[in-house]
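The next block holds one structure in the form of structure tokens; read it before the comments.
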Amino acid sequence: MTTIRIRLLWHKQAQFAGYLLAEELGLARGKGVEIRCEGLDFSCKHVASILTGVSEMAVASPAHILESAAPERLRWLMTVQQVSPLVYPARRSSGVNALADLAGKSVGVWPGGEDLEFRWLLAGAGVAAGAVERVQMPDTVGPFLRGEIASGQMTSYHELHQVEAEVPPGDLVVFSGRDTGRSVLKDGLVADAALVAEKPEVVQAVVDAVLEGWTIAFDDPDRAIAACLRARPDVPRAEHARQLADIRALSLTGATLTHGLGCPDPAHLAAATRAIREVEGHEAATAGVLDDRFWKAAPAAFRRRDWAV
């Protein structure tokens, strides 16, 4: 049995329901592969865990690959969410009604170079790179609610709900790359290029299992929520359920409906490349990054397009 460790983008929760089901149900064991999902470690995040040998795969995005220390050592295999979930809430009462109003203020971003989309948004709004202080912090909700930062990097399926519960709707303004055509995907399954080259049968087993896990999660939400509760009993069932519904909406759109679940749409790689060009002023090395062979070879039943949305 070959063990494949998958480093998640965050702590175990419904955001990763398909991966958790693939692990719990042993969906790759029939092909000699054991999947082990590992929660976030801020000291060694997603693709860094692959490059340092801590894990063989990670949930990460094309942008994470392109901004890494060695893009040539990584391969983007598939993606479930087809839309970026990132949002940046602010209070109108703090004088923020537009992105340009963040100039001279502090904004919380997650540690480890997670702010490409936000910097791209600022550039599109004509805000100079140094005009906004980007403060790295693992928790952007608490400091935002306490008024320590003017805005914070959050997701539409998790942190935003916490903010909406505390800030009156009339006082809340939410910025998103989806509204401005400057959206950078966060989701994806990334693998060690050496593993892909040397053990393609193992990679195929994982891709098949993850796609099957997500198919189960979207077809049978109660089963998925139960698995999430076993992985994270400290998170209320209602929160897992709401998060899974949000993830489903982010996933069953775009390339999922035209090509199938898990499609690694090249448009996402192109968007990340454009963001790096316009924000960082250089061309990213994209050669070989996208490898959709395994997704294309997965069972058709797990690459469905006929979803009720």
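Order determines the names: the first chain of the structure tokens is A, the second B, and so forth; residues in each chain are numbered 1 upward, and ligands are numbered 1 upward as they are shown.
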
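Neighbours of A:Gln153 closer than or equal to 9 Å, with only C-alpha atoms counted and sequence neighbours fewer than 5 positions away skipped, come out as Leu86, Val87, Tyr88, Pro89, Val107, Gly108, Val109, Trp110, Glu114, Asp115, Phe118, Thr140, Val141 and Glu159 of chain A.
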
Keeping C-alpha atoms, export the residues of the selection given above as a PDB file, in the first residue's frame.
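Okay, again-v7.pdb is ready:
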```pdb
ATOM      1  CA  LEU A  86     -11.991  35.205  -1.901  1.00  0.00           C
ATOM      2  CA  VAL A  87     -13.726  38.316  -0.603  1.00  0.00           C
ATOM      3  CA  TYR A  88     -12.536  41.443   1.174  1.00  0.00           C
ATOM      4  CA  PRO A  89     -15.189  42.973   3.468  1.00  0.00           C
ATOM      5  CA  VAL A 107      -5.624  44.989   5.471  1.00  0.00           C
ATOM      6  CA  GLY A 108      -5.089  41.509   6.873  1.00  0.00           C
ATOM      7  CA  VAL A 109      -3.807  38.802   4.509  1.00  0.00           C
ATOM      8  CA  TRP A 110      -2.944  35.191   5.212  1.00  0.00           C
ATOM      9  CA  GLU A 114      -1.501  34.489  -0.374  1.00  0.00           C
ATOM     10  CA  ASP A 115      -2.334  38.002  -1.530  1.00  0.00           C
ATOM     11  CA  PHE A 118      -5.796  41.308  -3.588  1.00  0.00           C
ATOM     12  CA  THR A 140      -8.424  38.063   9.710  1.00  0.00           C
ATOM     13  CA  VAL A 141     -11.931  37.952  11.200  1.00  0.00           C
ATOM     14  CA  GLU A 159     -15.045  33.844   7.352  1.00  0.00           C
TER      15      GLU A 159
END
```

Within 7 Å of A:Ala22, counting only C-alpha atoms, which residues qualify if same-chain residues fewer than 3 places away don't, as a short mmCIF file (atom, residue, chain, number, x, y, z; two decimals) with C-alpha atoms, in the first residue's frame?
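Once everything was written out, this is result_28.cif:
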```cif
data_model
loop_
_atom_site.label_atom_id
_atom_site.label_comp_id
_atom_site.auth_asym_id
_atom_site.auth_seq_id
_atom_site.Cartn_x
_atom_site.Cartn_y
_atom_site.Cartn_z
CA GLY A 18 -14.49 15.19 -1.27
CA TYR A 19 -10.94 14.68 -0.06
CA LEU A 25 -13.93 5.49 2.54
CA GLY A 26 -10.56 4.29 1.28
CA LEU A 27 -11.60 5.03 -2.30
CA ALA A 209 -10.69 8.69 -5.67
CA VAL A 210 -10.88 12.45 -5.11
CA GLY A 213 -15.33 11.62 -3.20
#
```

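Considering only C-alpha atoms, the residue among A:Val235, A:Val203, A:Val96, A:Ile216 positioned nearest to A:Arg248 is A:Ile216.
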
(request) From a DSSP calculation on the backbone, collect every residue of stretch 17-50 of chain A in strand (DSSP E) and output the set as a PyMOL selection string. (result) chain A and resi 33-38

(message) Which residue is closest to A:Asp101? Choose from A:Gly126, A:Pro143, A:Pro200, A:Gly152 and count only C-alpha atoms.
(response) A:Gly126

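Counting only C-alpha atoms, the residue from A:Ala217, A:Ala14, A:Cys263, A:Leu160 that sits nearest to A:Ala238 is A:Ala14.
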
(request) Show which residues sit within 10 Å of A:Gly112, as a PyMOL selection string. Count only C-alpha atoms, and ignore same-chain residues fewer than 5 positions away. (result) chain A and resi 42-46+48+64+136-138

Residues just named, written with C-alpha atoms as a PDB file, in the first residue's frame:
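After the write, part_26.pdb holds the following:
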```pdb
ATOM      1  CA  PHE A  42       1.413  27.771   8.411  1.00  0.00           C
ATOM      2  CA  SER A  43       5.114  26.941   8.715  1.00  0.00           C
ATOM      3  CA  CYS A  44       4.983  24.773   5.573  1.00  0.00           C
ATOM      4  CA  LYS A  45       1.966  25.555   3.426  1.00  0.00           C
ATOM      5  CA  HIS A  46       0.502  23.652   0.457  1.00  0.00           C
ATOM      6  CA  ALA A  48       5.974  24.152   0.013  1.00  0.00           C
ATOM      7  CA  HIS A  64       0.539  28.915  -5.841  1.00  0.00           C
ATOM      8  CA  GLN A 136       0.075  38.913   7.570  1.00  0.00           C
ATOM      9  CA  MET A 137      -2.170  37.204  10.090  1.00  0.00           C
ATOM     10  CA  PRO A 138      -3.780  33.746  10.327  1.00  0.00           C
TER      11      PRO A 138
END
```

(request) Run DSSP on the backbone and give me the residues of stretch 148-185 of chain A it puts in helix (DSSP H, G or I), as JSON, numbers by chain. (result) {"A": [159, 160, 161, 162, 163, 164, 169, 170, 171, 177, 178, 179]}

Take the residues just selected and output them with C-alpha atoms as a short mmCIF file (atom, residue, chain, number, x, y, z; two decimals), in the first residue's frame.
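Now in out_2.cif:
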```cif
data_model
loop_
_atom_site.label_atom_id
_atom_site.label_comp_id
_atom_site.auth_asym_id
_atom_site.auth_seq_id
_atom_site.Cartn_x
_atom_site.Cartn_y
_atom_site.Cartn_z
CA GLU A 159 -15.04 33.84 7.35
CA LEU A 160 -17.54 36.07 5.54
CA HIS A 161 -20.43 34.36 7.33
CA GLN A 162 -18.83 35.23 10.69
CA VAL A 163 -18.56 38.87 9.63
CA GLU A 164 -22.14 39.00 8.36
CA PRO A 169 -25.80 44.67 6.32
CA GLY A 170 -26.07 48.38 5.59
CA ASP A 171 -22.59 48.97 6.97
CA GLY A 177 -12.27 39.70 -7.83
CA ARG A 178 -15.32 38.11 -9.43
CA ASP A 179 -16.90 41.56 -9.74
#
```

(request) Please provide as a PyMOL selection string all residues within 6 Å of A:Ile35, with the sequence filter that same-chain residues fewer than 2 positions apart are discarded (counting only C-alpha atoms). (result) chain A and resi 3-4+23

Same residues, N, CA and C atoms, saved as a compact mmCIF listing (two decimals), in the first residue's frame:
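Saved result, result.txt, follows:
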```
# COMPACT_ATOMS: atom_id res chain seq x y z
N THR A 3 1.15 5.21 0.59
CA THR A 3 0.46 6.31 1.26
C THR A 3 0.76 7.63 0.55
N ILE A 4 -0.30 8.35 0.21
CA ILE A 4 -0.17 9.67 -0.40
C ILE A 4 -0.73 10.69 0.57
N GLU A 23 -10.49 9.77 1.71
CA GLU A 23 -9.67 9.19 2.77
C GLU A 23 -10.47 8.22 3.63
```
